[in-house]
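Listing of my_file22.cif, mmCIF, C-alpha atoms and all ligand atoms
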```cif
data_run
loop_
_atom_site.label_atom_id
_atom_site.label_comp_id
_atom_site.auth_asym_id
_atom_site.auth_seq_id
_atom_site.Cartn_x
_atom_site.Cartn_y
_atom_site.Cartn_z
CA MET A 1 -7.17 -38.02 -34.14
CA LYS A 2 -5.41 -35.25 -32.22
CA VAL A 3 -3.32 -32.72 -34.14
CA LEU A 4 -0.05 -33.57 -32.39
CA GLU A 5 -0.58 -37.31 -32.09
CA GLY A 6 2.72 -39.13 -32.58
CA ILE A 7 4.82 -36.13 -31.51
CA LYS A 8 7.09 -36.98 -28.59
CA VAL A 9 8.06 -34.25 -26.15
CA LEU A 10 10.59 -34.38 -23.31
CA ASP A 11 9.72 -31.76 -20.72
CA PHE A 12 12.69 -30.67 -18.61
CA GLY A 13 10.73 -27.51 -17.85
CA ARG A 14 10.50 -25.99 -14.40
CA PHE A 15 8.00 -23.67 -12.73
CA ILE A 16 5.65 -22.29 -15.41
CA ALA A 17 7.10 -21.08 -18.73
CA GLY A 18 8.35 -24.49 -19.94
CA PRO A 19 5.87 -26.85 -18.24
CA TYR A 20 2.79 -24.97 -19.40
CA CYS A 21 4.06 -24.91 -22.98
CA ALA A 22 4.48 -28.71 -22.79
CA ALA A 23 1.00 -29.08 -21.26
CA LEU A 24 -0.55 -27.22 -24.19
CA LEU A 25 1.23 -29.57 -26.61
CA ALA A 26 -0.03 -32.53 -24.55
CA ASP A 27 -3.62 -31.25 -24.69
CA TYR A 28 -3.35 -31.49 -28.48
CA GLY A 29 -2.18 -35.09 -28.34
CA ALA A 30 1.62 -34.92 -28.02
CA GLU A 31 3.09 -37.63 -25.81
CA VAL A 32 4.85 -35.66 -23.05
CA ILE A 33 7.29 -37.07 -20.54
CA ARG A 34 8.07 -34.75 -17.64
CA ILE A 35 11.60 -35.33 -16.33
CA ASP A 36 11.47 -34.93 -12.57
CA ARG A 37 14.29 -34.82 -10.08
CA VAL A 38 14.54 -38.00 -8.01
CA GLU A 39 13.54 -36.09 -4.87
CA GLY A 40 10.88 -34.19 -6.84
CA GLY A 41 11.51 -30.91 -8.67
CA GLU A 42 11.11 -27.74 -6.60
CA ASP A 43 8.16 -26.59 -8.75
CA ARG A 44 6.13 -29.69 -7.77
CA TYR A 45 5.80 -28.50 -4.20
CA ILE A 46 5.02 -24.78 -4.42
CA VAL A 47 1.81 -23.91 -2.48
CA PRO A 48 1.03 -27.54 -1.51
CA VAL A 49 -2.58 -28.74 -1.65
CA THR A 50 -2.36 -32.54 -1.58
CA GLU A 51 -1.22 -35.00 1.07
CA GLY A 52 1.87 -35.68 -1.05
CA GLY A 53 2.65 -31.96 -1.14
CA GLU A 54 1.85 -31.29 -4.82
CA GLY A 55 1.32 -27.60 -5.41
CA ALA A 56 -1.86 -26.00 -6.72
CA MET A 57 -0.47 -24.75 -10.02
CA PHE A 58 1.62 -27.88 -10.55
CA LEU A 59 -1.66 -29.77 -10.98
CA GLN A 60 -2.79 -27.37 -13.72
CA LEU A 61 0.54 -27.12 -15.51
CA ASN A 62 1.33 -30.81 -15.73
CA ARG A 63 -1.91 -32.52 -16.77
CA ASN A 64 -1.70 -35.03 -19.60
CA LYS A 65 1.99 -35.82 -18.85
CA ARG A 66 3.83 -38.89 -17.59
CA SER A 67 6.67 -38.53 -15.07
CA LEU A 68 10.13 -40.06 -15.15
CA THR A 69 12.53 -39.30 -12.31
CA LEU A 70 16.14 -38.93 -13.34
CA ASP A 71 19.39 -37.60 -11.90
CA LEU A 72 20.69 -35.58 -14.80
CA ALA A 73 24.01 -35.03 -13.07
CA SER A 74 24.98 -38.73 -13.25
CA PRO A 75 26.54 -40.36 -16.35
CA GLU A 76 23.87 -43.09 -16.28
CA GLY A 77 21.15 -40.44 -16.11
CA ARG A 78 22.72 -38.71 -19.12
CA ASP A 79 22.77 -42.00 -20.97
CA ILE A 80 19.04 -42.40 -20.44
CA VAL A 81 18.45 -38.84 -21.63
CA ARG A 82 20.33 -39.61 -24.85
CA LYS A 83 18.18 -42.71 -25.44
CA LEU A 84 15.02 -40.69 -24.88
CA VAL A 85 16.21 -37.84 -27.10
CA ALA A 86 16.92 -40.32 -29.91
CA GLY A 87 13.20 -41.06 -30.04
CA ALA A 88 11.92 -37.53 -29.37
CA ASP A 89 10.76 -34.66 -31.57
CA VAL A 90 10.82 -31.81 -29.06
CA VAL A 91 12.78 -30.98 -25.91
CA VAL A 92 11.38 -28.25 -23.65
CA ALA A 93 13.83 -26.78 -21.12
CA ASN A 94 13.41 -23.27 -19.69
CA MET A 95 16.95 -22.90 -18.40
CA PRO A 96 19.77 -20.52 -19.28
CA PRO A 97 22.24 -21.77 -21.95
CA ARG A 98 24.94 -22.37 -19.33
CA THR A 99 22.66 -24.75 -17.41
CA LEU A 100 21.49 -26.45 -20.60
CA LYS A 101 25.10 -27.09 -21.53
CA SER A 102 26.04 -28.41 -18.12
CA LEU A 103 23.14 -30.88 -18.32
CA GLY A 104 23.91 -31.91 -21.93
CA LEU A 105 20.67 -30.36 -23.12
CA ASP A 106 22.14 -27.64 -25.36
CA TYR A 107 21.12 -27.73 -29.00
CA GLU A 108 24.47 -29.10 -30.27
CA SER A 109 24.49 -32.00 -27.80
CA LEU A 110 20.86 -32.84 -28.62
CA CYS A 111 21.52 -32.64 -32.39
CA ALA A 112 24.40 -35.06 -32.04
CA VAL A 113 21.85 -37.64 -30.88
CA ARG A 114 18.84 -36.57 -32.94
CA PRO A 115 19.72 -34.21 -35.84
CA ASP A 116 16.18 -32.95 -36.43
CA ILE A 117 15.37 -32.25 -32.78
CA ILE A 118 13.49 -29.08 -31.84
CA LEU A 119 14.73 -27.43 -28.62
CA VAL A 120 12.30 -25.05 -26.93
CA ALA A 121 14.38 -23.03 -24.47
CA PRO A 122 12.79 -19.85 -23.14
CA ASN A 123 14.96 -17.94 -20.70
CA ALA A 124 14.82 -14.76 -18.68
CA PHE A 125 16.26 -12.04 -20.93
CA GLY A 126 16.97 -13.49 -24.36
CA THR A 127 19.89 -14.98 -26.23
CA SER A 128 22.39 -12.11 -26.51
CA GLU A 129 25.66 -12.93 -24.80
CA ALA A 130 25.48 -10.20 -22.15
CA VAL A 131 22.19 -11.42 -20.68
CA ARG A 132 21.53 -15.00 -21.69
CA ASP A 133 22.77 -16.74 -18.54
CA ARG A 134 21.00 -14.58 -16.01
CA VAL A 135 18.07 -16.11 -14.12
CA GLY A 136 14.61 -14.60 -13.85
CA PHE A 137 11.03 -15.16 -12.77
CA ASP A 138 7.73 -13.76 -13.97
CA GLY A 139 7.87 -10.72 -11.69
CA VAL A 140 11.22 -9.67 -13.15
CA GLY A 141 9.68 -9.58 -16.64
CA GLN A 142 6.76 -7.56 -15.31
CA ALA A 143 9.01 -5.13 -13.45
CA LEU A 144 11.61 -4.47 -16.16
CA SER A 145 8.94 -3.80 -18.78
CA GLY A 146 7.39 -0.89 -16.87
CA ALA A 147 4.19 -2.78 -16.03
CA VAL A 148 4.79 -2.87 -12.26
CA HIS A 149 5.38 0.88 -12.15
CA ILE A 150 2.17 1.71 -14.04
CA ALA A 151 0.04 -0.64 -11.96
CA GLY A 152 1.15 0.86 -8.67
CA THR A 153 0.38 4.05 -6.86
CA PRO A 154 3.04 6.78 -6.66
CA GLY A 155 5.72 5.45 -4.34
CA GLN A 156 4.18 1.97 -4.21
CA PRO A 157 4.77 -0.27 -7.27
CA GLN A 158 2.33 -3.14 -7.80
CA LYS A 159 2.94 -6.49 -9.51
CA ALA A 160 0.13 -8.58 -10.97
CA MET A 161 -0.22 -11.51 -8.54
CA VAL A 162 -0.92 -13.96 -11.35
CA PRO A 163 2.01 -14.84 -13.58
CA VAL A 164 0.92 -13.08 -16.76
CA VAL A 165 4.40 -12.94 -18.25
CA ASP A 166 5.07 -16.64 -17.68
CA PHE A 167 1.81 -17.74 -19.25
CA ALA A 168 2.20 -15.47 -22.25
CA THR A 169 5.74 -16.81 -22.70
CA SER A 170 4.34 -20.37 -22.63
CA PHE A 171 1.84 -19.49 -25.37
CA ALA A 172 4.63 -17.98 -27.46
CA CYS A 173 6.70 -21.13 -26.97
CA ALA A 174 3.83 -23.42 -27.93
CA LEU A 175 3.37 -21.37 -31.10
CA GLY A 176 7.12 -21.57 -31.80
CA THR A 177 7.08 -25.34 -31.30
CA VAL A 178 4.20 -25.86 -33.70
CA LEU A 179 5.83 -23.58 -36.29
CA ALA A 180 9.11 -25.46 -35.99
CA LEU A 181 7.30 -28.80 -36.40
CA TYR A 182 5.49 -27.42 -39.46
CA GLU A 183 8.73 -26.13 -40.97
CA ARG A 184 10.48 -29.42 -40.24
CA LYS A 185 8.00 -31.21 -42.48
CA GLN A 186 9.37 -29.26 -45.45
CA SER A 187 13.06 -28.94 -44.55
CA GLY A 188 13.58 -32.12 -42.57
CA LYS A 189 15.52 -30.01 -40.08
CA GLY A 190 14.97 -29.05 -36.47
CA GLN A 191 15.82 -25.74 -34.85
CA GLU A 192 15.99 -23.92 -31.57
CA VAL A 193 12.88 -22.05 -30.35
CA ASN A 194 13.76 -19.13 -28.08
CA ALA A 195 11.59 -16.74 -26.12
CA SER A 196 12.19 -14.67 -23.03
CA LEU A 197 10.25 -13.31 -20.09
CA LEU A 198 11.65 -9.86 -20.86
CA CYS A 199 10.52 -9.90 -24.50
CA THR A 200 7.04 -10.99 -23.43
CA GLY A 201 6.93 -8.24 -20.80
CA LEU A 202 8.00 -5.56 -23.30
CA ASN A 203 5.31 -6.72 -25.74
CA MET A 204 2.68 -6.54 -23.02
CA ALA A 205 3.74 -3.07 -21.87
CA SER A 206 4.27 -1.80 -25.43
CA GLY A 207 1.44 0.76 -25.31
CA ALA A 208 3.03 2.75 -22.48
CA LEU A 209 6.54 2.25 -23.88
CA ILE A 210 5.64 3.55 -27.36
CA GLU A 211 3.84 6.53 -25.81
CA GLU A 212 7.01 7.36 -23.91
CA ALA A 213 9.25 6.89 -26.95
CA LEU A 214 7.12 9.08 -29.24
CA LEU A 215 5.52 11.60 -26.91
CA GLY A 216 7.76 11.56 -23.85
CA LEU A 217 4.84 10.49 -21.64
CA ASP A 218 6.56 8.57 -18.88
CA ARG A 219 3.26 7.26 -17.57
CA PRO A 220 2.83 7.78 -13.83
CA ALA A 221 1.49 5.09 -11.54
CA THR A 222 -2.31 5.19 -11.68
CA ARG A 223 -3.16 1.82 -10.13
CA ASN A 224 -6.40 0.45 -11.58
CA ARG A 225 -7.26 3.58 -13.50
CA ALA A 226 -6.09 3.50 -17.13
CA SER A 227 -4.43 6.70 -18.29
CA GLY A 228 -5.05 6.51 -22.07
CA TYR A 229 -8.87 6.38 -21.93
CA ALA A 230 -11.63 6.70 -19.30
CA PRO A 231 -13.57 5.85 -17.30
CA SER A 232 -11.60 2.66 -16.82
CA ASP A 233 -11.22 1.70 -13.20
CA ILE A 234 -12.44 -0.53 -10.40
CA PHE A 235 -15.63 0.73 -8.75
CA LYS A 236 -17.51 -0.01 -5.57
CA ALA A 237 -21.22 -0.78 -5.70
CA ARG A 238 -23.30 -1.22 -2.56
CA ASP A 239 -22.38 -4.88 -2.16
CA GLY A 240 -19.07 -5.36 -3.98
CA TRP A 241 -16.53 -4.27 -6.58
CA PHE A 242 -16.59 -4.38 -10.35
CA ILE A 243 -14.36 -3.34 -13.22
CA THR A 244 -15.40 -1.46 -16.31
CA GLN A 245 -13.52 -0.07 -19.29
CA VAL A 246 -14.93 2.59 -21.59
CA ILE A 247 -12.85 2.90 -24.76
CA GLY A 248 -13.69 4.86 -27.90
CA PRO A 249 -16.35 7.48 -28.76
CA ALA A 250 -19.36 5.18 -29.19
CA MET A 251 -18.88 3.56 -25.82
CA PHE A 252 -18.28 6.93 -24.16
CA ARG A 253 -21.54 8.21 -25.63
CA ASN A 254 -23.40 5.17 -24.28
CA TRP A 255 -21.77 5.70 -20.92
CA THR A 256 -22.77 9.39 -20.64
CA ARG A 257 -26.38 8.35 -21.29
CA LEU A 258 -26.18 5.51 -18.81
CA VAL A 259 -24.92 7.70 -15.97
CA GLY A 260 -27.34 10.50 -16.88
CA ARG A 261 -24.63 13.02 -17.84
CA PRO A 262 -25.20 13.68 -21.59
CA GLU A 263 -23.60 17.15 -21.28
CA LEU A 264 -20.18 15.50 -20.81
CA LEU A 265 -20.31 14.49 -24.47
CA ASP A 266 -19.87 18.13 -25.56
CA ASP A 267 -17.32 19.03 -22.91
CA PRO A 268 -13.92 19.71 -24.59
CA ARG A 269 -12.15 18.04 -21.66
CA PHE A 270 -13.57 14.71 -22.83
CA ALA A 271 -13.31 15.11 -26.61
CA ASP A 272 -11.22 11.97 -27.21
CA ASP A 273 -9.74 8.96 -25.42
CA ARG A 274 -6.46 10.75 -24.61
CA LEU A 275 -8.21 13.75 -23.04
CA ARG A 276 -10.62 11.49 -21.19
CA GLY A 277 -7.62 9.56 -19.87
CA GLU A 278 -6.04 12.81 -18.67
CA HIS A 279 -9.25 13.62 -16.79
CA GLY A 280 -9.76 10.02 -15.72
CA GLU A 281 -9.94 10.88 -12.04
CA PHE A 282 -12.97 13.11 -12.67
CA LEU A 283 -14.72 10.51 -14.85
CA SER A 284 -13.99 7.77 -12.31
CA GLY A 285 -15.62 10.04 -9.73
CA VAL A 286 -18.78 10.36 -11.86
CA MET A 287 -18.92 6.61 -12.21
CA SER A 288 -18.39 6.07 -8.47
CA ASP A 289 -21.27 8.42 -7.67
CA TRP A 290 -23.48 6.51 -10.14
CA CYS A 291 -22.87 3.08 -8.65
CA ARG A 292 -22.50 3.85 -4.95
CA ASP A 293 -26.17 3.22 -4.09
CA LYS A 294 -26.83 0.44 -6.60
CA THR A 295 -26.27 -3.23 -6.11
CA LEU A 296 -23.56 -5.00 -8.06
CA GLY A 297 -26.26 -6.90 -9.97
CA GLU A 298 -27.97 -3.65 -10.98
CA CYS A 299 -24.71 -2.04 -12.14
CA LEU A 300 -23.63 -5.04 -14.20
CA ALA A 301 -27.06 -5.47 -15.81
CA LEU A 302 -27.21 -1.78 -16.80
CA LEU A 303 -23.65 -1.79 -18.15
CA GLU A 304 -24.37 -4.95 -20.12
CA LYS A 305 -27.49 -3.33 -21.59
CA ALA A 306 -25.41 -0.29 -22.61
CA ARG A 307 -22.85 -2.65 -24.26
CA ILE A 308 -20.06 -1.52 -21.94
CA PRO A 309 -17.67 -4.30 -20.88
CA ALA A 310 -17.84 -4.88 -17.14
CA GLY A 311 -17.27 -7.69 -14.66
CA ARG A 312 -17.51 -8.41 -10.98
CA VAL A 313 -14.23 -8.43 -9.04
CA ASN A 314 -14.31 -12.00 -7.72
CA SER A 315 -12.42 -13.63 -4.90
CA PRO A 316 -11.13 -17.09 -5.91
CA ARG A 317 -14.21 -18.65 -4.25
CA GLN A 318 -16.55 -16.28 -6.05
CA ALA A 319 -14.73 -16.98 -9.36
CA LEU A 320 -15.43 -20.72 -9.09
CA GLN A 321 -19.08 -20.04 -8.22
CA ASP A 322 -19.56 -17.21 -10.74
CA GLU A 323 -22.56 -17.71 -13.04
CA THR A 324 -20.63 -16.53 -16.10
CA VAL A 325 -17.68 -18.81 -15.33
CA GLN A 326 -20.05 -21.73 -14.83
CA ALA A 327 -22.06 -20.97 -17.94
CA ALA A 328 -18.84 -20.85 -20.00
CA ASP A 329 -18.15 -24.50 -19.04
CA LEU A 330 -14.37 -24.19 -18.80
CA ILE A 331 -13.60 -26.34 -15.77
CA HIS A 332 -12.66 -29.99 -15.83
CA TRP A 333 -12.93 -31.56 -12.36
CA MET A 334 -10.42 -34.36 -11.75
CA ASP A 335 -9.50 -36.73 -8.94
CA TYR A 336 -5.96 -36.55 -7.59
CA PRO A 337 -4.41 -38.89 -5.01
CA GLY A 338 -4.26 -37.21 -1.61
CA ALA A 339 -6.30 -34.18 -2.68
CA PRO A 340 -9.05 -33.26 -0.21
CA ARG A 341 -11.56 -32.73 -3.08
CA GLN A 342 -11.70 -32.88 -6.85
CA VAL A 343 -9.23 -30.57 -8.57
CA PRO A 344 -10.51 -27.98 -11.05
CA ILE A 345 -8.33 -28.00 -14.17
CA PHE A 346 -9.02 -25.10 -16.51
CA ALA A 347 -9.61 -25.64 -20.20
CA THR A 348 -6.93 -25.20 -22.86
CA PRO A 349 -7.25 -21.52 -23.80
CA VAL A 350 -7.39 -22.26 -27.54
CA SER A 351 -9.66 -24.82 -29.14
CA LEU A 352 -10.04 -26.24 -32.64
CA SER A 353 -13.49 -27.28 -33.80
CA ARG A 354 -12.72 -30.57 -35.61
CA THR A 355 -9.68 -31.59 -33.57
CA PRO A 356 -10.26 -30.18 -30.09
CA PRO A 357 -7.77 -30.37 -27.23
CA GLU A 358 -8.50 -32.74 -24.40
CA ILE A 359 -7.65 -32.80 -20.70
CA ARG A 360 -7.61 -36.54 -20.18
CA GLN A 361 -5.11 -37.31 -17.43
CA ARG A 362 -4.26 -35.75 -14.08
CA ALA A 363 -0.72 -34.50 -13.38
CA PRO A 364 1.62 -37.41 -12.59
CA LEU A 365 2.96 -38.35 -9.18
CA ASN A 366 6.72 -38.00 -8.91
CA GLY A 367 8.22 -40.77 -11.05
CA GLU A 368 4.85 -42.45 -11.50
CA HIS A 369 5.74 -43.73 -14.96
CA THR A 370 9.46 -44.32 -14.49
CA ASP A 371 9.33 -48.10 -14.95
CA GLU A 372 7.16 -48.10 -18.05
CA ILE A 373 9.15 -45.30 -19.71
CA LEU A 374 12.48 -47.00 -19.03
CA ALA A 375 11.08 -50.35 -20.22
CA GLY A 376 10.02 -48.52 -23.38
CA ILE A 377 13.67 -47.70 -24.18
CA GLY A 378 14.78 -51.27 -23.55
CA LEU A 379 15.79 -51.37 -19.89
CA GLY A 380 15.02 -54.56 -17.98
CA ALA A 381 13.44 -54.79 -14.52
CA GLN A 382 16.76 -55.62 -12.83
CA GLU A 383 18.54 -52.76 -14.48
CA ILE A 384 15.80 -50.38 -13.36
CA ALA A 385 15.96 -51.71 -9.80
CA GLY A 386 19.73 -51.10 -9.80
CA LEU A 387 19.27 -47.52 -11.00
CA ARG A 388 16.68 -46.95 -8.30
CA GLN A 389 18.99 -48.34 -5.62
CA ARG A 390 21.72 -45.92 -6.71
CA ASN A 391 19.23 -43.01 -6.65
CA ILE A 392 19.59 -42.35 -10.36
CA VAL A 393 15.85 -42.81 -11.00
C1 LIG A 401 13.99 -21.08 -13.38
C2 LIG A 401 15.36 -20.55 -12.97
C3 LIG A 401 15.18 -19.18 -12.31
C4 LIG A 401 15.94 -21.50 -11.93
O1 LIG A 401 17.22 -21.06 -11.57
P1 LIG A 401 18.25 -22.01 -10.82
O2 LIG A 401 17.60 -22.73 -9.69
O3 LIG A 401 19.51 -21.26 -10.54
O4 LIG A 401 18.41 -23.09 -11.84
P2 LIG A 401 19.36 -23.52 -12.95
O5 LIG A 401 18.45 -23.61 -14.11
O6 LIG A 401 20.59 -22.74 -13.12
O7 LIG A 401 19.69 -24.98 -12.35
C5 LIG A 401 20.20 -25.17 -11.03
C6 LIG A 401 21.05 -26.42 -10.98
O8 LIG A 401 20.19 -27.57 -10.98
C7 LIG A 401 20.70 -28.55 -11.89
N1 LIG A 401 19.59 -29.45 -12.31
C8 LIG A 401 18.44 -29.09 -12.86
N2 LIG A 401 17.64 -30.17 -13.06
C9 LIG A 401 18.33 -31.26 -12.61
C10 LIG A 401 18.07 -32.68 -12.48
N3 LIG A 401 16.92 -33.22 -12.89
N4 LIG A 401 19.04 -33.47 -11.95
C11 LIG A 401 20.20 -32.92 -11.53
N5 LIG A 401 20.50 -31.61 -11.60
C12 LIG A 401 19.59 -30.78 -12.12
C13 LIG A 401 21.30 -27.68 -12.96
O9 LIG A 401 22.26 -28.37 -13.71
C14 LIG A 401 21.97 -26.57 -12.16
O10 LIG A 401 23.20 -27.03 -11.68
P3 LIG A 401 24.54 -26.12 -11.69
O11 LIG A 401 24.77 -25.74 -13.10
O12 LIG A 401 25.56 -27.04 -11.10
O13 LIG A 401 24.17 -24.95 -10.81
C15 LIG A 401 16.30 -20.45 -14.19
O14 LIG A 401 16.45 -21.72 -14.74
C16 LIG A 401 15.81 -19.49 -15.27
O15 LIG A 401 16.00 -18.28 -15.20
N6 LIG A 401 15.18 -20.03 -16.33
C17 LIG A 401 14.76 -19.22 -17.52
C18 LIG A 401 13.64 -18.30 -17.21
C19 LIG A 401 12.45 -19.05 -16.67
O16 LIG A 401 11.87 -19.87 -17.34
N7 LIG A 401 12.09 -18.75 -15.42
C20 LIG A 401 11.00 -19.37 -14.72
C21 LIG A 401 9.67 -19.03 -15.33
S1 LIG A 401 8.38 -19.54 -14.32
C22 LIG A 401 8.18 -18.32 -13.17
O17 LIG A 401 8.65 -17.26 -13.31
C23 LIG A 401 7.30 -18.59 -11.99
O18 LIG A 401 7.02 -19.73 -11.67
O19 LIG A 401 6.93 -17.58 -11.37
#
```
Can the structure in the file be given as structure tokens, please?
Amino acid sequence: MKVLEGIKVLDFGRFIAGPYCAALLADYGAEVIRIDRVEGGEDRYIVPVTEGGEGAMFLQLNRNKRSLTLDLASPEGRDIVRKLVAGADVVVANMPPRTLKSLGLDYESLCAVRPDIILVAPNAFGTSEAVRDRVGFDGVGQALSGAVHIAGTPGQPQKAMVPVVDFATSFACALGTVLALYERKQSGKGQEVNASLLCTGLNMASGALIEEALLGLDRPATRNRASGYAPSDIFKARDGWFITQVIGPAMFRNWTRLVGRPELLDDPRFADDRLRGEHGEFLSGVMSDWCRDKTLGECLALLEKARIPAGRVNSPRQALQDETVQAADLIHWMDYPGAPRQVPIFATPVSLSRTPPEIRQRAPLNGEHTDEILAGIGLGAQEIAGLRQRNIV
């Protein structure tokens, strides 16, 4: 028995924030229907990797779902949405309130059909009137929060090239959904679950923001080198790069021994994390000298022995072949129509011991389950054929 078995989710999500939240719910047994555009939603085709044009991340973000194509702009499409909502527990739709309203997916319209519905509607900047209808992507959340400035070099800001803000927003939304379902059991009522890319970004950058607010330290751009502790940087060994982060006095002591510089322990310039951070360039230099003539394997083994967190900087190919990644057993290889090889789908990031999540079904083709879903709400074969002819499904 899966934790969310019997919970029905309609996923109107697009790109990452909404779809990944719905995928997490699906991993735990919720029955998720992805509502696709008739011609295929734009997020299906970003960075195509299959003959049909499905994008790489689409395959990860939409496992365990069925797909129904629907023109939400048509009255007949809206009618079908209402029928589906009547039998649903959760609607996921990462669109601004104005768009939700224009599609009949705002909380009031959904409640009129299903009073205890839970609407999960993350947006770009939150729910206050001045900002709620503006659009945004992951990078905007990263940039506004200060993270892009800190990660850059002076004069050259740098965004993380993986969508950290989107994914963290998805996790927050999945938590909100489960809390709302839990609360509904007691109150019998649904509610709206809101999150925003900006709020996630501010949470993630909170260390630097609180430092600025309290101490006026408007952190400069220091690229890979952390400024609040050190050494914490990316280093070059003889045959490749690795990352290491030394935080706190015990780890610093271990590090001075490892690099053969025990005198640094008594140097007032390195008395605590903050001071070490201020002199991070010097400490990074010591570390660079230490690893320059060693192999990556030697560096990592010595750091591991000294209990200092470290890891090889992998290319995507190296990541898939990495011994640690393989030993952790986190990849589920799946077939996908038109894919040149099996697709690696990465495990649900949170597991439960008695009722574990499961990746059981590949992402759906566009509209793959349209007929069976429509039959499930009482439409006959002829009716469905008519809708298809008029491009409504
Ligand atoms: C994702 C967005 C940037 C996309 O912006 P837009 O393309 O301008 O989309 P809108 O949501 O305003 O919708 C555009 C129009 O499409 C219409 N629309 C949408 N779906 C349908 C279907 N199925 N059928 C018919 N019409 C449709 C909708 O009514 C709007 O019509 P009109 O009303 O007539 O215009 C925005 O929705 C947004 O900011 N969402 C909240 C934040 C968020 O989640 N961002 C993405 C995270 S993922 C990410 O950052 C990443 O992948 O990277």
message: Which residues are near ligand LIG 401 (chain A) in this structure, taking near to mean any atom at most 6 Å from a ligand atom and counting all atoms listed in the file? Format them as a ChimeraX atom specification.
response: /A:15-17,36-37,70-73,94-96,99,102-103,122-124,135-138,166
query: In Å, how far is it from atom CA of A:Thr50 to atom CA of A:Gly338?
result: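 Separation of atom CA of A:Thr50 and atom CA of A:Gly338: 5.0 Å.
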Non-local contacts of A:Asn62 (9 Å; only C-alpha atoms; under 6 positions in same chain excluded) as an MDAnalysis selection string: chainID A and resid 19:20 22:23 34 362:364
field: Among the residues A:Gly176, A:Pro337, A:Gly376, A:Pro268, the one that comes closest to A:Leu25 [using only C-alpha atoms]
entry: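 The shortest atom-to-atom distance to A:Leu25 comes from A:Gly176.
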query: Any idea what's packed within 12 Å of stretch 270-287 of chain A, counting all atoms listed in the file, ignoring anything in its chain fewer than 2 positions away? Could you give it as a PyMOL selection string?
result: chain A and resi 211+217+219-220+222-237+242-253+255-268+289-294+299+303
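Proximity to A:Ala172 was assessed for A:Tyr107, A:Gly152, A:Arg307, A:Leu24 counting all atoms listed in the file; the smallest distance is recorded for A:Leu24.
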- request: Measuring atom to atom with all atoms listed in the file, identify which of A:Asp239, A:Glu212, A:Asp116, A:Glu54 is nearest to A:Glu192.
  value: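 Comparing A:Asp239, A:Glu212, A:Asp116, A:Glu54 against A:Glu192, the winner is A:Asp116.
We find atom CA of A:Gln318 and atom CA of A:Pro349 to be spaced 20.7 Å apart.
Between atom CA of A:Ile117 and atom CA of A:Glu368 the interatomic distance comes to 25.8 Å.
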message: List as a count of residues only the protein and nucleic acid residues near A:Gly40, meaning an atom at most 8 Å away when all atoms listed in the file are counted, but skip any in the same chain fewer than 4 places from it.
response: 4
- prompt: Nearest to A:Leu387: which of A:Asp79, A:Glu298, A:Glu183, A:Asp106 is it, counting all atoms listed in the file?
  reply: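 Answer, going by the shortest atom-to-atom distance: A:Asp79.
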message: Residues within 9 Å of A:Cys199, please, as a list of chain:residue names. Count all atoms listed in the file; anything in the same chain fewer than 3 positions from it doesn't count.
response: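 Using all atoms listed in the file, the neighbours found are A:Ala124, A:Phe125, A:Gly126, A:Gly141, A:Ser145, A:Thr169, A:Ala195, A:Ser196, A:Leu202, A:Asn203, A:Met204.
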Using the selection just defined, write its residues with C-alpha atoms as a tab-separated table (two decimals), in the coordinates of the input.
```
chain	number	residue	atom	x	y	z
A	124	ALA	CA	14.82	-14.76	-18.68
A	125	PHE	CA	16.26	-12.04	-20.93
A	126	GLY	CA	16.97	-13.49	-24.36
A	141	GLY	CA	9.68	-9.58	-16.64
A	145	SER	CA	8.94	-3.80	-18.78
A	169	THR	CA	5.74	-16.81	-22.70
A	195	ALA	CA	11.59	-16.74	-26.12
A	196	SER	CA	12.19	-14.67	-23.03
A	202	LEU	CA	8.00	-5.56	-23.30
A	203	ASN	CA	5.31	-6.72	-25.74
A	204	MET	CA	2.68	-6.54	-23.02
```
- request: Find, counting all atoms listed in the file, the residue in A:Glu5, A:Val193, A:Glu42, A:Trp333 that gets nearest to A:Leu175.
  value: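 Among the listed residues, the smallest separation from A:Leu175 belongs to A:Val193.
Closest approach to A:Met57 from the set A:Val162, A:Gln156, A:Arg390, A:Gln342 is made by A:Val162, with distances taken over all atoms listed in the file.
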What are the centre and the three edge lengths of an axis-aligned box that wraps all atoms of stretch 338-342 of chain A in the file, given that 8 Å is added to every side, written as lines of an AutoDock Vina configuration file and rounded to one decimal in Å?
```
center_x = -8.0
center_y = -35.0
center_z = -3.5
size_x = 23.4
size_y = 20.5
size_z = 22.6
```
